[in-house]
$ cat coords_27.pdb   # PDB, N, CA and C atoms, pLDDT in the B column
MODEL        1
ATOM      1  N   MET A   1     -28.679 -33.387 -44.247  1.00 84.00           N
ATOM      2  CA  MET A   1     -30.107 -33.408 -43.997  1.00 84.00           C
ATOM      3  C   MET A   1     -30.776 -32.506 -45.034  1.00 84.00           C
ATOM      4  N   SER A   2     -31.860 -33.008 -45.605  1.00 90.00           N
ATOM      5  CA  SER A   2     -32.587 -32.202 -46.589  1.00 90.00           C
ATOM      6  C   SER A   2     -33.446 -31.151 -45.890  1.00 90.00           C
ATOM      7  N   VAL A   3     -33.871 -30.180 -46.646  1.00 89.00           N
ATOM      8  CA  VAL A   3     -34.739 -29.130 -46.112  1.00 89.00           C
ATOM      9  C   VAL A   3     -36.042 -29.746 -45.623  1.00 89.00           C
ATOM     10  N   TYR A   4     -36.554 -30.718 -46.357  1.00 92.00           N
ATOM     11  CA  TYR A   4     -37.811 -31.349 -45.983  1.00 92.00           C
ATOM     12  C   TYR A   4     -37.684 -32.136 -44.681  1.00 92.00           C
ATOM     13  N   ARG A   5     -36.568 -32.772 -44.509  1.00 95.00           N
ATOM     14  CA  ARG A   5     -36.319 -33.504 -43.258  1.00 95.00           C
ATOM     15  C   ARG A   5     -36.211 -32.518 -42.089  1.00 95.00           C
ATOM     16  N   LEU A   6     -35.533 -31.401 -42.306  1.00 93.00           N
ATOM     17  CA  LEU A   6     -35.401 -30.373 -41.278  1.00 93.00           C
ATOM     18  C   LEU A   6     -36.765 -29.819 -40.878  1.00 93.00           C
ATOM     19  N   ILE A   7     -37.606 -29.536 -41.860  1.00 94.00           N
ATOM     20  CA  ILE A   7     -38.955 -29.044 -41.571  1.00 94.00           C
ATOM     21  C   ILE A   7     -39.717 -30.068 -40.737  1.00 94.00           C
ATOM     22  N   ALA A   8     -39.652 -31.325 -41.127  1.00 95.00           N
ATOM     23  CA  ALA A   8     -40.353 -32.383 -40.390  1.00 95.00           C
ATOM     24  C   ALA A   8     -39.845 -32.485 -38.957  1.00 95.00           C
ATOM     25  N   GLU A   9     -38.542 -32.450 -38.780  1.00 96.00           N
ATOM     26  CA  GLU A   9     -37.962 -32.535 -37.435  1.00 96.00           C
ATOM     27  C   GLU A   9     -38.400 -31.357 -36.568  1.00 96.00           C
ATOM     28  N   LEU A  10     -38.327 -30.154 -37.122  1.00 95.00           N
ATOM     29  CA  LEU A  10     -38.720 -28.967 -36.363  1.00 95.00           C
ATOM     30  C   LEU A  10     -40.202 -28.992 -36.006  1.00 95.00           C
ATOM     31  N   MET A  11     -41.043 -29.385 -36.951  1.00 96.00           N
ATOM     32  CA  MET A  11     -42.478 -29.456 -36.686  1.00 96.00           C
ATOM     33  C   MET A  11     -42.783 -30.469 -35.584  1.00 96.00           C
ATOM     34  N   GLU A  12     -42.097 -31.585 -35.630  1.00 96.00           N
ATOM     35  CA  GLU A  12     -42.314 -32.616 -34.613  1.00 96.00           C
ATOM     36  C   GLU A  12     -41.882 -32.130 -33.237  1.00 96.00           C
ATOM     37  N   ARG A  13     -40.746 -31.506 -33.159  1.00 96.00           N
ATOM     38  CA  ARG A  13     -40.223 -31.049 -31.866  1.00 96.00           C
ATOM     39  C   ARG A  13     -40.961 -29.834 -31.315  1.00 96.00           C
ATOM     40  N   LEU A  14     -41.366 -28.919 -32.209  1.00 95.00           N
ATOM     41  CA  LEU A  14     -42.033 -27.701 -31.764  1.00 95.00           C
ATOM     42  C   LEU A  14     -43.544 -27.870 -31.622  1.00 95.00           C
ATOM     43  N   GLY A  15     -44.090 -28.868 -32.307  1.00 96.00           N
ATOM     44  CA  GLY A  15     -45.518 -29.112 -32.234  1.00 96.00           C
ATOM     45  C   GLY A  15     -46.358 -28.066 -32.940  1.00 96.00           C
ATOM     46  N   ARG A  16     -45.776 -27.452 -33.975  1.00 94.00           N
ATOM     47  CA  ARG A  16     -46.507 -26.448 -34.749  1.00 94.00           C
ATOM     48  C   ARG A  16     -45.903 -26.379 -36.149  1.00 94.00           C
ATOM     49  N   PRO A  17     -46.643 -25.782 -37.101  1.00 94.00           N
ATOM     50  CA  PRO A  17     -46.131 -25.679 -38.471  1.00 94.00           C
ATOM     51  C   PRO A  17     -44.875 -24.802 -38.547  1.00 94.00           C
ATOM     52  N   VAL A  18     -43.998 -25.159 -39.457  1.00 91.00           N
ATOM     53  CA  VAL A  18     -42.732 -24.451 -39.636  1.00 91.00           C
ATOM     54  C   VAL A  18     -42.527 -24.175 -41.122  1.00 91.00           C
ATOM     55  N   ASP A  19     -42.085 -22.986 -41.442  1.00 88.00           N
ATOM     56  CA  ASP A  19     -41.697 -22.638 -42.807  1.00 88.00           C
ATOM     57  C   ASP A  19     -40.212 -22.311 -42.803  1.00 88.00           C
ATOM     58  N   ILE A  20     -39.517 -22.773 -43.815  1.00 86.00           N
ATOM     59  CA  ILE A  20     -38.095 -22.461 -43.966  1.00 86.00           C
ATOM     60  C   ILE A  20     -37.909 -21.773 -45.304  1.00 86.00           C
ATOM     61  N   LEU A  21     -37.222 -20.673 -45.280  1.00 80.00           N
ATOM     62  CA  LEU A  21     -36.949 -19.909 -46.495  1.00 80.00           C
ATOM     63  C   LEU A  21     -35.460 -20.004 -46.801  1.00 80.00           C
ATOM     64  N   MET A  22     -35.140 -20.540 -47.968  1.00 82.00           N
ATOM     65  CA  MET A  22     -33.756 -20.622 -48.403  1.00 82.00           C
ATOM     66  C   MET A  22     -33.364 -19.248 -48.936  1.00 82.00           C
ATOM     67  N   LEU A  23     -32.441 -18.581 -48.258  1.00 81.00           N
ATOM     68  CA  LEU A  23     -32.116 -17.201 -48.616  1.00 81.00           C
ATOM     69  C   LEU A  23     -31.311 -17.065 -49.899  1.00 81.00           C
ATOM     70  N   ASP A  24     -30.462 -18.025 -50.215  1.00 83.00           N
ATOM     71  CA  ASP A  24     -29.614 -17.879 -51.400  1.00 83.00           C
ATOM     72  C   ASP A  24     -30.405 -17.633 -52.687  1.00 83.00           C
ATOM     73  N   PRO A  25     -31.445 -18.406 -52.987  1.00 86.00           N
ATOM     74  CA  PRO A  25     -32.179 -18.139 -54.231  1.00 86.00           C
ATOM     75  C   PRO A  25     -33.272 -17.077 -54.096  1.00 86.00           C
ATOM     76  N   CYS A  26     -33.457 -16.549 -52.919  1.00 83.00           N
ATOM     77  CA  CYS A  26     -34.540 -15.595 -52.666  1.00 83.00           C
ATOM     78  C   CYS A  26     -34.148 -14.195 -53.156  1.00 83.00           C
ATOM     79  N   ARG A  27     -35.015 -13.545 -53.930  1.00 86.00           N
ATOM     80  CA  ARG A  27     -34.688 -12.241 -54.504  1.00 86.00           C
ATOM     81  C   ARG A  27     -34.693 -11.114 -53.484  1.00 86.00           C
ATOM     82  N   PHE A  28     -35.344 -11.301 -52.343  1.00 85.00           N
ATOM     83  CA  PHE A  28     -35.355 -10.256 -51.320  1.00 85.00           C
ATOM     84  C   PHE A  28     -34.564 -10.660 -50.082  1.00 85.00           C
ATOM     85  N   ARG A  29     -33.530 -11.473 -50.276  1.00 85.00           N
ATOM     86  CA  ARG A  29     -32.710 -11.971 -49.162  1.00 85.00           C
ATOM     87  C   ARG A  29     -31.986 -10.859 -48.406  1.00 85.00           C
ATOM     88  N   GLU A  30     -31.513  -9.853 -49.119  1.00 87.00           N
ATOM     89  CA  GLU A  30     -30.793  -8.765 -48.450  1.00 87.00           C
ATOM     90  C   GLU A  30     -31.713  -7.989 -47.515  1.00 87.00           C
ATOM     91  N   ARG A  31     -32.942  -7.800 -47.925  1.00 85.00           N
ATOM     92  CA  ARG A  31     -33.903  -7.109 -47.059  1.00 85.00           C
ATOM     93  C   ARG A  31     -34.187  -7.922 -45.798  1.00 85.00           C
ATOM     94  N   ILE A  32     -34.328  -9.229 -45.946  1.00 83.00           N
ATOM     95  CA  ILE A  32     -34.553 -10.094 -44.784  1.00 83.00           C
ATOM     96  C   ILE A  32     -33.356 -10.047 -43.848  1.00 83.00           C
ATOM     97  N   ARG A  33     -32.162 -10.133 -44.406  1.00 83.00           N
ATOM     98  CA  ARG A  33     -30.952 -10.065 -43.570  1.00 83.00           C
ATOM     99  C   ARG A  33     -30.826  -8.722 -42.862  1.00 83.00           C
ATOM    100  N   ARG A  34     -31.183  -7.673 -43.555  1.00 86.00           N
ATOM    101  CA  ARG A  34     -31.066  -6.328 -43.002  1.00 86.00           C
ATOM    102  C   ARG A  34     -32.143  -6.039 -41.953  1.00 86.00           C
ATOM    103  N   GLU A  35     -33.386  -6.364 -42.266  1.00 85.00           N
ATOM    104  CA  GLU A  35     -34.512  -6.003 -41.395  1.00 85.00           C
ATOM    105  C   GLU A  35     -34.954  -7.133 -40.479  1.00 85.00           C
ATOM    106  N   GLY A  36     -34.617  -8.347 -40.845  1.00 78.00           N
ATOM    107  CA  GLY A  36     -35.035  -9.490 -40.045  1.00 78.00           C
ATOM    108  C   GLY A  36     -36.503  -9.810 -40.231  1.00 78.00           C
ATOM    109  N   LEU A  37     -36.939 -10.857 -39.588  1.00 65.00           N
ATOM    110  CA  LEU A  37     -38.320 -11.278 -39.651  1.00 65.00           C
ATOM    111  C   LEU A  37     -38.676 -11.857 -38.304  1.00 65.00           C
ATOM    112  N   ASP A  38     -39.440 -11.124 -37.526  1.00 67.00           N
ATOM    113  CA  ASP A  38     -39.814 -11.546 -36.178  1.00 67.00           C
ATOM    114  C   ASP A  38     -41.232 -12.074 -36.192  1.00 67.00           C
ATOM    115  N   LYS A  39     -41.373 -13.386 -36.094  1.00 65.00           N
ATOM    116  CA  LYS A  39     -42.695 -14.008 -36.092  1.00 65.00           C
ATOM    117  C   LYS A  39     -42.927 -14.768 -34.790  1.00 65.00           C
ATOM    118  N   THR A  40     -42.416 -14.227 -33.693  1.00 60.00           N
ATOM    119  CA  THR A  40     -42.598 -14.913 -32.420  1.00 60.00           C
ATOM    120  C   THR A  40     -44.026 -14.696 -31.926  1.00 60.00           C
ATOM    121  N   PRO A  41     -44.610 -15.717 -31.322  1.00 56.00           N
ATOM    122  CA  PRO A  41     -45.996 -15.589 -30.844  1.00 56.00           C
ATOM    123  C   PRO A  41     -46.118 -14.644 -29.671  1.00 56.00           C
TER     124      PRO A  41
ENDMDL
END
$ encode --input "coords_27.pdb" --output "structure tokens"
Amino acid sequence: MSVYRLIAELMERLGRPVDILMLDPCRFRERIRREGLDKTP
């Protein structure tokens, strides 16, 4: 499944916008893994 397909599926099921961040190419991936990212409503 492509990232775009995953985003579409999640948006459809959750009924709200979804962002997906690919950690491997991300320059601040270690900080995200260490500190996390809590965006719960």
$ residues_around --input "coords_27.pdb" --residues "Ile20 of chain A" --least-positions-apart "2" --cutoff "8 Å" --atoms "all atoms listed in the file" --output "PyMOL selection string"
chain A and resi 3+7+17-18+22-23
$ atom_distance --input "coords_27.pdb" --atom1 "atom C of Ala8 of chain A" --atom2 "atom CA of Arg34 of chain A"
27.9 Å
$ atom_distance --input "coords_27.pdb" --atom1 "atom N of Asp24 of chain A" --atom2 "atom CA of Met1 of chain A"
16.6 Å
$ axis_aligned_box --input "coords_27.pdb" --around "segment 15-18 of chain A" --padding-each-side "3 Å" --output "AutoDock Vina command-line options"
--center_x -44.6 --center_y -26.6 --center_z -36.7 --size_x 10.1 --size_y 10.9 --size_z 14.9
$ atom_distance --input "coords_27.pdb" --atom1 "atom N of Tyr4 of chain A" --atom2 "atom C of Leu21 of chain A"
10.8 Å
$ select_by_dssp --input "coords_27.pdb" --residues "chain A" --states "helix (DSSP H, G or I)" --output "ChimeraX atom specification"
/A:3-14,29-35
$ decode --input "coords_27.pdb" --residues "segment 10-36 of chain A" --atoms "N, CA and C atoms" --output "CSV table (one decimal), in the first residue's frame"
chain,number,residue,atom,x,y,z
A,10,LEU,N,-7.1,6.2,6.0
A,10,LEU,CA,-7.2,6.8,7.3
A,10,LEU,C,-8.2,8.0,7.4
A,11,MET,N,-8.1,8.9,6.4
A,11,MET,CA,-9.0,10.0,6.4
A,11,MET,C,-10.5,9.6,6.3
A,12,GLU,N,-10.7,8.6,5.4
A,12,GLU,CA,-12.0,8.1,5.2
A,12,GLU,C,-12.6,7.5,6.5
A,13,ARG,N,-11.8,6.7,7.1
A,13,ARG,CA,-12.2,5.9,8.3
A,13,ARG,C,-12.4,6.9,9.6
A,14,LEU,N,-11.4,7.8,9.7
A,14,LEU,CA,-11.4,8.7,10.9
A,14,LEU,C,-12.3,9.9,10.7
A,15,GLY,N,-12.6,10.3,9.4
A,15,GLY,CA,-13.4,11.4,9.1
A,15,GLY,C,-12.8,12.7,9.4
A,16,ARG,N,-11.5,12.8,9.3
A,16,ARG,CA,-10.7,14.0,9.6
A,16,ARG,C,-9.4,14.0,8.8
A,17,PRO,N,-8.7,15.1,8.6
A,17,PRO,CA,-7.5,15.1,7.9
A,17,PRO,C,-6.4,14.4,8.7
A,18,VAL,N,-5.5,13.7,7.9
A,18,VAL,CA,-4.4,12.9,8.5
A,18,VAL,C,-3.1,13.3,7.8
A,19,ASP,N,-2.1,13.5,8.6
A,19,ASP,CA,-0.7,13.7,8.0
A,19,ASP,C,0.1,12.5,8.4
A,20,ILE,N,1.0,12.0,7.5
A,20,ILE,CA,1.9,10.9,7.8
A,20,ILE,C,3.3,11.4,7.5
A,21,LEU,N,4.2,11.2,8.5
A,21,LEU,CA,5.5,11.6,8.3
A,21,LEU,C,6.4,10.4,8.2
A,22,MET,N,7.1,10.3,7.1
A,22,MET,CA,8.0,9.1,6.9
A,22,MET,C,9.3,9.5,7.7
A,23,LEU,N,9.6,8.7,8.7
A,23,LEU,CA,10.7,9.0,9.6
A,23,LEU,C,12.1,8.7,9.0
A,24,ASP,N,12.2,7.7,8.1
A,24,ASP,CA,13.5,7.4,7.6
A,24,ASP,C,14.2,8.6,6.9
A,25,PRO,N,13.6,9.3,6.0
A,25,PRO,CA,14.3,10.5,5.4
A,25,PRO,C,14.2,11.8,6.2
A,26,CYS,N,13.5,11.8,7.3
A,26,CYS,CA,13.3,13.0,8.1
A,26,CYS,C,14.6,13.3,9.0
A,27,ARG,N,15.1,14.5,8.9
A,27,ARG,CA,16.3,14.9,9.6
A,27,ARG,C,16.2,15.0,11.1
A,28,PHE,N,14.9,15.1,11.6
A,28,PHE,CA,14.7,15.2,13.1
A,28,PHE,C,14.0,13.9,13.6
A,29,ARG,N,14.2,12.8,12.9
A,29,ARG,CA,13.5,11.5,13.3
A,29,ARG,C,13.9,11.1,14.7
A,30,GLU,N,15.1,11.2,15.1
A,30,GLU,CA,15.5,10.8,16.4
A,30,GLU,C,14.8,11.6,17.5
A,31,ARG,N,14.7,12.9,17.3
A,31,ARG,CA,13.9,13.7,18.3
A,31,ARG,C,12.5,13.2,18.4
A,32,ILE,N,11.8,12.9,17.3
A,32,ILE,CA,10.5,12.5,17.3
A,32,ILE,C,10.4,11.1,18.0
A,33,ARG,N,11.3,10.2,17.7
A,33,ARG,CA,11.3,8.9,18.4
A,33,ARG,C,11.5,9.1,19.9
A,34,ARG,N,12.4,10.0,20.3
A,34,ARG,CA,12.7,10.2,21.7
A,34,ARG,C,11.6,10.9,22.4
A,35,GLU,N,11.1,12.0,21.9
A,35,GLU,CA,10.1,12.8,22.6
A,35,GLU,C,8.7,12.5,22.2
A,36,GLY,N,8.5,11.9,21.1
A,36,GLY,CA,7.1,11.6,20.6
A,36,GLY,C,6.4,12.9,20.1
